[in-house]
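Trainee: data_5.cif (mmCIF, C-alpha atoms) pasted underneath:
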```cif
data_data
#
loop_
_atom_site.label_atom_id
_atom_site.label_comp_id
_atom_site.auth_asym_id
_atom_site.auth_seq_id
_atom_site.Cartn_x
_atom_site.Cartn_y
_atom_site.Cartn_z
CA ALA A 1 15.14 19.04 -9.95
CA GLN A 2 15.56 15.45 -8.74
CA ASN A 3 13.47 12.49 -7.63
CA LEU A 4 12.89 12.10 -3.91
CA ASN A 5 15.39 9.78 -2.30
CA THR A 6 14.52 9.55 1.39
CA SER A 7 13.97 6.55 3.64
CA GLU A 8 12.49 8.60 6.49
CA PHE A 9 9.26 10.49 7.00
CA ARG A 10 9.46 14.17 7.94
CA ASN A 11 9.05 13.26 11.62
CA GLY A 12 12.07 10.91 11.51
CA ASP A 13 10.16 7.61 11.40
CA ILE A 14 11.62 5.04 9.02
CA ILE A 15 9.70 4.29 5.82
CA PRO A 16 9.79 0.50 5.38
CA GLN A 17 11.94 -0.68 2.49
CA ALA A 18 10.60 -3.51 0.33
CA LYS A 19 13.68 -5.54 -0.54
CA ASN A 20 11.85 -7.93 -2.87
CA SER A 21 8.49 -8.43 -4.60
CA THR A 22 7.07 -10.41 -1.66
CA GLU A 23 7.72 -7.53 0.74
CA TRP A 24 6.27 -5.04 -1.78
CA ARG A 25 3.06 -7.09 -2.15
CA LYS A 26 2.69 -7.49 1.64
CA ALA A 27 2.93 -3.73 2.18
CA ALA A 28 0.43 -3.16 -0.62
CA GLU A 29 -2.05 -5.70 0.74
CA LYS A 30 -1.91 -4.03 4.17
CA LYS A 31 -2.06 -0.52 2.62
CA GLN A 32 1.17 0.37 4.39
CA PRO A 33 3.80 2.83 3.18
CA ALA A 34 6.83 1.36 1.44
CA TRP A 35 9.66 2.25 -0.90
CA CYS A 36 11.93 0.21 -3.12
CA TYR A 37 14.71 0.63 -5.62
CA TYR A 38 13.85 -0.07 -9.22
CA ASN A 39 14.13 -3.85 -9.58
CA TYR A 40 15.28 -3.89 -5.91
CA ASP A 41 18.74 -2.91 -7.12
CA PRO A 42 20.44 -0.12 -5.11
CA THR A 43 22.64 0.83 -8.07
CA ASN A 44 19.56 2.56 -9.53
CA GLU A 45 19.33 4.95 -6.58
CA SER A 46 21.96 7.51 -7.56
CA ASN A 47 20.30 8.40 -10.87
CA TYR A 48 16.63 7.70 -10.23
CA GLY A 49 15.98 7.85 -6.49
CA LYS A 50 13.48 5.59 -4.82
CA LEU A 51 10.01 4.40 -5.87
CA TYR A 52 7.22 4.91 -3.32
CA ASN A 53 3.73 3.49 -3.04
CA TRP A 54 0.95 6.02 -2.63
CA TYR A 55 0.49 5.06 1.01
CA ALA A 56 3.90 6.61 1.68
CA VAL A 57 2.92 9.72 -0.30
CA LYS A 58 -0.26 10.26 1.72
CA ASP A 59 1.08 9.19 5.15
CA SER A 60 0.33 11.77 7.86
CA ARG A 61 3.98 11.70 9.04
CA GLY A 62 4.89 13.55 5.85
CA LEU A 63 6.98 12.20 2.99
CA ALA A 64 8.20 15.62 1.84
CA PRO A 65 10.85 17.37 3.92
CA ASN A 66 10.02 20.48 5.97
CA GLY A 67 9.20 23.43 3.74
CA TRP A 68 8.14 21.17 0.86
CA HIS A 69 5.05 19.20 -0.18
CA ILE A 70 3.98 16.60 -2.74
CA PRO A 71 2.18 18.46 -5.56
CA THR A 72 -1.53 17.97 -6.10
CA ILE A 73 -2.78 17.08 -9.55
CA ARG A 74 -3.84 20.73 -9.95
CA GLU A 75 -0.23 21.83 -9.28
CA TRP A 76 1.03 19.27 -11.82
CA GLU A 77 -1.49 20.61 -14.35
CA ASN A 78 -0.21 24.14 -13.74
CA LEU A 79 3.41 23.08 -14.34
CA ILE A 80 2.36 21.27 -17.51
CA ALA A 81 0.42 24.33 -18.70
CA ILE A 82 3.37 26.70 -18.27
CA SER A 83 5.61 24.10 -19.96
CA LYS A 84 3.73 24.44 -23.28
CA GLY A 85 0.75 22.22 -22.44
CA SER A 86 0.27 18.47 -22.22
CA ARG A 87 1.17 17.92 -25.87
CA PHE A 88 4.68 19.43 -25.58
CA ALA A 89 5.50 19.64 -21.87
CA GLY A 90 7.50 16.39 -21.91
CA SER A 91 10.18 18.04 -24.02
CA TYR A 92 10.35 20.98 -21.64
CA MET A 93 10.35 18.81 -18.49
CA LYS A 94 12.65 15.90 -19.43
CA SER A 95 16.30 15.75 -18.45
CA GLU A 96 18.62 15.87 -21.44
CA TRP A 97 20.33 12.65 -20.30
CA GLY A 98 19.26 9.28 -18.90
CA TRP A 99 16.66 8.39 -21.53
CA ASP A 100 17.10 5.50 -24.00
CA GLY A 101 16.69 6.18 -27.69
CA TYR A 102 15.70 9.46 -29.29
CA ASN A 103 15.12 12.19 -26.75
CA ASP A 104 13.59 15.55 -27.62
CA ALA A 105 14.38 16.92 -24.16
CA THR A 106 15.30 20.55 -23.64
CA ASN A 107 14.64 20.72 -19.86
CA LYS A 108 13.62 24.38 -20.31
CA SER A 109 11.34 24.05 -17.27
CA GLY A 110 14.23 22.99 -15.00
CA PHE A 111 12.23 19.94 -13.87
CA SER A 112 14.95 17.50 -15.06
CA GLY A 113 12.56 14.55 -15.39
CA LEU A 114 14.34 11.20 -15.38
CA PRO A 115 12.91 7.86 -16.53
CA GLY A 116 12.94 5.95 -13.23
CA GLY A 117 10.36 3.40 -14.36
CA TYR A 118 7.87 1.94 -11.90
CA CYS A 119 7.08 -1.00 -9.66
CA ASN A 120 3.68 -2.59 -10.28
CA PRO A 121 1.36 -3.64 -7.41
CA TYR A 122 2.72 -7.19 -7.59
CA GLY A 123 6.34 -6.09 -7.21
CA SER A 124 7.66 -6.29 -10.78
CA SER A 125 9.62 -3.35 -12.19
CA SER A 126 9.40 -1.99 -15.71
CA ASP A 127 10.26 0.95 -17.99
CA ILE A 128 13.48 2.31 -16.48
CA LYS A 129 15.27 4.57 -18.98
CA THR A 130 12.14 4.81 -21.16
CA ASP A 131 9.38 6.20 -18.91
CA GLY A 132 9.10 8.45 -15.88
CA TYR A 133 6.15 8.26 -13.47
CA TRP A 134 5.49 10.72 -10.62
CA TRP A 135 2.77 10.56 -7.98
CA SER A 136 0.53 13.48 -7.17
CA TYR A 137 -0.91 13.98 -3.70
CA SER A 138 -4.42 13.78 -5.19
CA GLU A 139 -6.62 10.75 -4.81
CA LYS A 140 -8.99 9.68 -7.58
CA ASP A 141 -10.95 7.14 -5.51
CA GLN A 142 -10.39 4.46 -2.85
CA LEU A 143 -8.15 2.37 -5.11
CA ASN A 144 -6.43 4.93 -7.35
CA ALA A 145 -4.47 8.18 -7.19
CA TRP A 146 -3.37 10.57 -9.94
CA TYR A 147 0.10 10.58 -11.47
CA ILE A 148 1.92 12.06 -14.46
CA THR A 149 4.08 10.20 -16.94
CA MET A 150 6.55 10.97 -19.70
CA ASN A 151 7.86 8.60 -22.37
CA TRP A 152 11.20 8.65 -24.20
CA ASN A 153 9.63 8.95 -27.67
CA ASP A 154 6.78 11.34 -26.92
CA SER A 155 6.86 15.11 -26.40
CA GLY A 156 3.78 15.06 -24.21
CA VAL A 157 2.90 14.48 -20.58
CA ASP A 158 -0.01 12.25 -19.63
CA ILE A 159 -2.12 12.44 -16.49
CA SER A 160 -3.78 9.20 -15.41
CA PRO A 161 -5.01 7.35 -12.34
CA ALA A 162 -3.01 4.37 -11.04
CA ASP A 163 -3.42 1.72 -8.38
CA LYS A 164 -2.16 3.12 -5.06
CA LYS A 165 -0.14 -0.08 -4.62
CA ALA A 166 2.18 0.82 -7.51
CA GLY A 167 5.59 2.39 -6.93
CA PHE A 168 6.41 5.66 -8.68
CA SER A 169 8.95 8.42 -8.28
CA VAL A 170 8.06 11.48 -6.21
CA ARG A 171 8.91 15.13 -6.69
CA CYS A 172 8.42 17.78 -4.06
CA LYS A 173 7.38 21.41 -4.46
CA LYS A 174 8.62 24.21 -2.23
CA ASP A 175 5.89 25.58 0.06
#
```
Could I get this file's structure written as structure tokens?

Mentor:
Amino acid sequence: AQNLNTSEFRNGDIIPQAKNSTEWRKAAEKKQPAWCYYNYDPTNESNYGKLYNWYAVKDSRGLAPNGWHIPTIREWENLIAISKGSRFAGSYMKSEWGWDGYNDATNKSGFSGLPGGYCNPYGSSSDIKTDGYWWSYSEKDQLNAWYITMNWNDSGVDISPADKKAGFSVRCKKD
């Protein structure tokens, strides 16, 4: 019911924090795990958690805490299906607060999706309070992995591939 907000892998190792766009780009170029706050501003943490690149999601040290895992795209599809399908699931999965503008959220699924925005591969942030993006554990190809997104003025949920160097929110599923 909330975005992941850890700075440690399951084994206790520290996940490197990117404190600016230069550090974000360096981690991306080296295909190393990293996290950042939206726009590198820690005041965004309490509501939206941290943004992680996909290298942190897939790291063998484990991003999810013990007893939890990052959902595969198939698991995301199942949640979307039981939340009235891709055309209406956004309404069922969005938090009733935190979104700019009109919000059709009911949060009937209990997912409490918040619009934490994203960090692009070059280190620029965008879309906080209007869009939520969440990684899946599933890879599309060498450069891209699958994610889901919700928008403030749309009842649906989209599934798309994104550059693994981008920073998105992460949700965990109980094992």

Trainee: Quick one: pull the distance between CA of Thr6 in chain A and CA of Arg61 in chain A, Å, one decimal.

Mentor: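 Taking CA of Thr6 in chain A and CA of Arg61 in chain A, their separation equals 13.2 Å.
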
Trainee: Name every residue that the PyMOL selection byres ((chain A and resi 28) around 10) selects in this structure, writing the answer as a compact mmCIF listing (two decimals) with C-alpha atoms, keeping the file's coordinate frame with chains first and numbers rising.

Mentor:
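expr_9.txt written:
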```txt
# COMPACT_ATOMS: atom_id res chain seq x y z
CA THR A 22 7.07 -10.41 -1.66
CA GLU A 23 7.72 -7.53 0.74
CA TRP A 24 6.27 -5.04 -1.78
CA ARG A 25 3.06 -7.09 -2.15
CA LYS A 26 2.69 -7.49 1.64
CA ALA A 27 2.93 -3.73 2.18
CA GLU A 29 -2.05 -5.70 0.74
CA LYS A 30 -1.91 -4.03 4.17
CA LYS A 31 -2.06 -0.52 2.62
CA GLN A 32 1.17 0.37 4.39
CA PRO A 33 3.80 2.83 3.18
CA ALA A 34 6.83 1.36 1.44
CA ASN A 53 3.73 3.49 -3.04
CA TRP A 54 0.95 6.02 -2.63
CA TYR A 55 0.49 5.06 1.01
CA PRO A 121 1.36 -3.64 -7.41
CA TYR A 122 2.72 -7.19 -7.59
CA GLY A 123 6.34 -6.09 -7.21
CA ASP A 163 -3.42 1.72 -8.38
CA LYS A 164 -2.16 3.12 -5.06
CA LYS A 165 -0.14 -0.08 -4.62
CA ALA A 166 2.18 0.82 -7.51
CA GLY A 167 5.59 2.39 -6.93
```

Trainee: Taking the file above as input, evaluate the PyMOL selection byres ((chain A and resi 51) around 8) and report the hits as a VMD selection string.

Mentor: chain A and resid 35 to 38 49 to 50 52 to 53 118 to 119 167 to 170

Trainee: Could you check how far CA of Asn144 in chain A sits from CA of Asp158 in chain A, in Å to one decimal?

Mentor: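 Interatomic distance, CA of Asn144 in chain A to CA of Asp158 in chain A: 15.7 Å.
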
Trainee: Would you work out the distance separating CA of Asn20 in chain A from CA of Tyr48 in chain A, expressed in Å to one decimal?

Mentor: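 Result for CA of Asn20 in chain A versus CA of Tyr48 in chain A: 17.9 Å, one decimal.
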
Trainee: Can you spell out as a list in words the set of residues that the PyMOL selection byres ((chain A and resi 132) around 8) selects in the structure I just provided?

Mentor: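 Evaluating the PyMOL selection byres ((chain A and resi 132) around 8) on these coordinates yields Gly113, Leu114, Pro115, Gly116, Gly117, Tyr118, Asp127, Ile128, Lys129, Thr130, Asp131, Tyr133, Trp134, Thr149, Met150, Asn151 and Ser169 of chain A.
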
Trainee: Starting from the sparse input, extend range 7-26 of chain A to N, CA, C and O atoms and give the output as a PDB file, in the frame of the given file.

Mentor:
```pdb
ATOM      1  N   SER A   7      14.480   7.770   3.008  1.00  0.00           N
ATOM      2  CA  SER A   7      13.970   6.550   3.640  1.00  0.00           C
ATOM      3  C   SER A   7      13.336   6.871   4.983  1.00  0.00           C
ATOM      4  O   SER A   7      13.053   5.976   5.768  1.00  0.00           O
ATOM      5  N   GLU A   8      13.120   8.171   5.241  1.00  0.00           N
ATOM      6  CA  GLU A   8      12.490   8.600   6.490  1.00  0.00           C
ATOM      7  C   GLU A   8      11.353   9.570   6.198  1.00  0.00           C
ATOM      8  O   GLU A   8      11.440  10.390   5.284  1.00  0.00           O
ATOM      9  N   PHE A   9      10.319   9.487   7.042  1.00  0.00           N
ATOM     10  CA  PHE A   9       9.260  10.490   7.000  1.00  0.00           C
ATOM     11  C   PHE A   9       9.794  11.779   7.621  1.00  0.00           C
ATOM     12  O   PHE A   9      10.828  11.784   8.299  1.00  0.00           O
ATOM     13  N   ARG A  10       9.079  12.865   7.421  1.00  0.00           N
ATOM     14  CA  ARG A  10       9.460  14.170   7.940  1.00  0.00           C
ATOM     15  C   ARG A  10       9.696  14.136   9.455  1.00  0.00           C
ATOM     16  O   ARG A  10      10.579  14.805   9.967  1.00  0.00           O
ATOM     17  N   ASN A  11       8.919  13.312  10.160  1.00  0.00           N
ATOM     18  CA  ASN A  11       9.050  13.260  11.620  1.00  0.00           C
ATOM     19  C   ASN A  11      10.198  12.356  12.085  1.00  0.00           C
ATOM     20  O   ASN A  11      10.416  12.189  13.277  1.00  0.00           O
ATOM     21  N   GLY A  12      10.940  11.754  11.157  1.00  0.00           N
ATOM     22  CA  GLY A  12      12.070  10.910  11.510  1.00  0.00           C
ATOM     23  C   GLY A  12      11.774   9.419  11.525  1.00  0.00           C
ATOM     24  O   GLY A  12      12.699   8.603  11.613  1.00  0.00           O
ATOM     25  N   ASP A  13      10.506   9.039  11.459  1.00  0.00           N
ATOM     26  CA  ASP A  13      10.160   7.610  11.400  1.00  0.00           C
ATOM     27  C   ASP A  13      10.686   7.003  10.104  1.00  0.00           C
ATOM     28  O   ASP A  13      10.675   7.656   9.054  1.00  0.00           O
ATOM     29  N   ILE A  14      11.104   5.754  10.182  1.00  0.00           N
ATOM     30  CA  ILE A  14      11.620   5.040   9.020  1.00  0.00           C
ATOM     31  C   ILE A  14      10.465   4.611   8.105  1.00  0.00           C
ATOM     32  O   ILE A  14       9.452   4.107   8.582  1.00  0.00           O
ATOM     33  N   ILE A  15      10.646   4.818   6.810  1.00  0.00           N
ATOM     34  CA  ILE A  15       9.700   4.290   5.820  1.00  0.00           C
ATOM     35  C   ILE A  15      10.181   2.877   5.504  1.00  0.00           C
ATOM     36  O   ILE A  15      11.339   2.690   5.131  1.00  0.00           O
ATOM     37  N   PRO A  16       9.334   1.866   5.644  1.00  0.00           N
ATOM     38  CA  PRO A  16       9.790   0.500   5.380  1.00  0.00           C
ATOM     39  C   PRO A  16      10.254   0.308   3.931  1.00  0.00           C
ATOM     40  O   PRO A  16       9.600   0.748   2.997  1.00  0.00           O
ATOM     41  N   GLN A  17      11.410  -0.333   3.800  1.00  0.00           N
ATOM     42  CA  GLN A  17      11.940  -0.680   2.490  1.00  0.00           C
ATOM     43  C   GLN A  17      11.450  -2.063   2.097  1.00  0.00           C
ATOM     44  O   GLN A  17      11.547  -2.997   2.886  1.00  0.00           O
ATOM     45  N   ALA A  18      10.931  -2.195   0.886  1.00  0.00           N
ATOM     46  CA  ALA A  18      10.600  -3.510   0.330  1.00  0.00           C
ATOM     47  C   ALA A  18      11.843  -3.977  -0.415  1.00  0.00           C
ATOM     48  O   ALA A  18      12.251  -3.368  -1.392  1.00  0.00           O
ATOM     49  N   LYS A  19      12.433  -5.046   0.054  1.00  0.00           N
ATOM     50  CA  LYS A  19      13.680  -5.540  -0.540  1.00  0.00           C
ATOM     51  C   LYS A  19      13.456  -6.571  -1.621  1.00  0.00           C
ATOM     52  O   LYS A  19      14.396  -7.002  -2.278  1.00  0.00           O
ATOM     53  N   ASN A  20      12.183  -6.962  -1.822  1.00  0.00           N
ATOM     54  CA  ASN A  20      11.850  -7.930  -2.870  1.00  0.00           C
ATOM     55  C   ASN A  20      10.355  -7.820  -3.164  1.00  0.00           C
ATOM     56  O   ASN A  20       9.622  -7.098  -2.481  1.00  0.00           O
ATOM     57  N   SER A  21       9.899  -8.540  -4.176  1.00  0.00           N
ATOM     58  CA  SER A  21       8.490  -8.430  -4.600  1.00  0.00           C
ATOM     59  C   SER A  21       7.532  -8.935  -3.528  1.00  0.00           C
ATOM     60  O   SER A  21       6.428  -8.404  -3.398  1.00  0.00           O
ATOM     61  N   THR A  22       7.936  -9.916  -2.737  1.00  0.00           N
ATOM     62  CA  THR A  22       7.070 -10.410  -1.660  1.00  0.00           C
ATOM     63  C   THR A  22       6.825  -9.319  -0.623  1.00  0.00           C
ATOM     64  O   THR A  22       5.680  -9.094  -0.203  1.00  0.00           O
ATOM     65  N   GLU A  23       7.870  -8.622  -0.227  1.00  0.00           N
ATOM     66  CA  GLU A  23       7.720  -7.530   0.740  1.00  0.00           C
ATOM     67  C   GLU A  23       6.888  -6.388   0.160  1.00  0.00           C
ATOM     68  O   GLU A  23       6.096  -5.763   0.863  1.00  0.00           O
ATOM     69  N   TRP A  24       7.060  -6.099  -1.142  1.00  0.00           N
ATOM     70  CA  TRP A  24       6.270  -5.040  -1.780  1.00  0.00           C
ATOM     71  C   TRP A  24       4.782  -5.403  -1.755  1.00  0.00           C
ATOM     72  O   TRP A  24       3.952  -4.588  -1.391  1.00  0.00           O
ATOM     73  N   ARG A  25       4.472  -6.639  -2.129  1.00  0.00           N
ATOM     74  CA  ARG A  25       3.060  -7.090  -2.150  1.00  0.00           C
ATOM     75  C   ARG A  25       2.458  -7.067  -0.745  1.00  0.00           C
ATOM     76  O   ARG A  25       1.304  -6.674  -0.574  1.00  0.00           O
ATOM     77  N   LYS A  26       3.211  -7.483   0.261  1.00  0.00           N
ATOM     78  CA  LYS A  26       2.690  -7.490   1.640  1.00  0.00           C
ATOM     79  C   LYS A  26       2.340  -6.079   2.097  1.00  0.00           C
ATOM     80  O   LYS A  26       1.296  -5.858   2.698  1.00  0.00           O
TER      81      LYS A  26
END
```
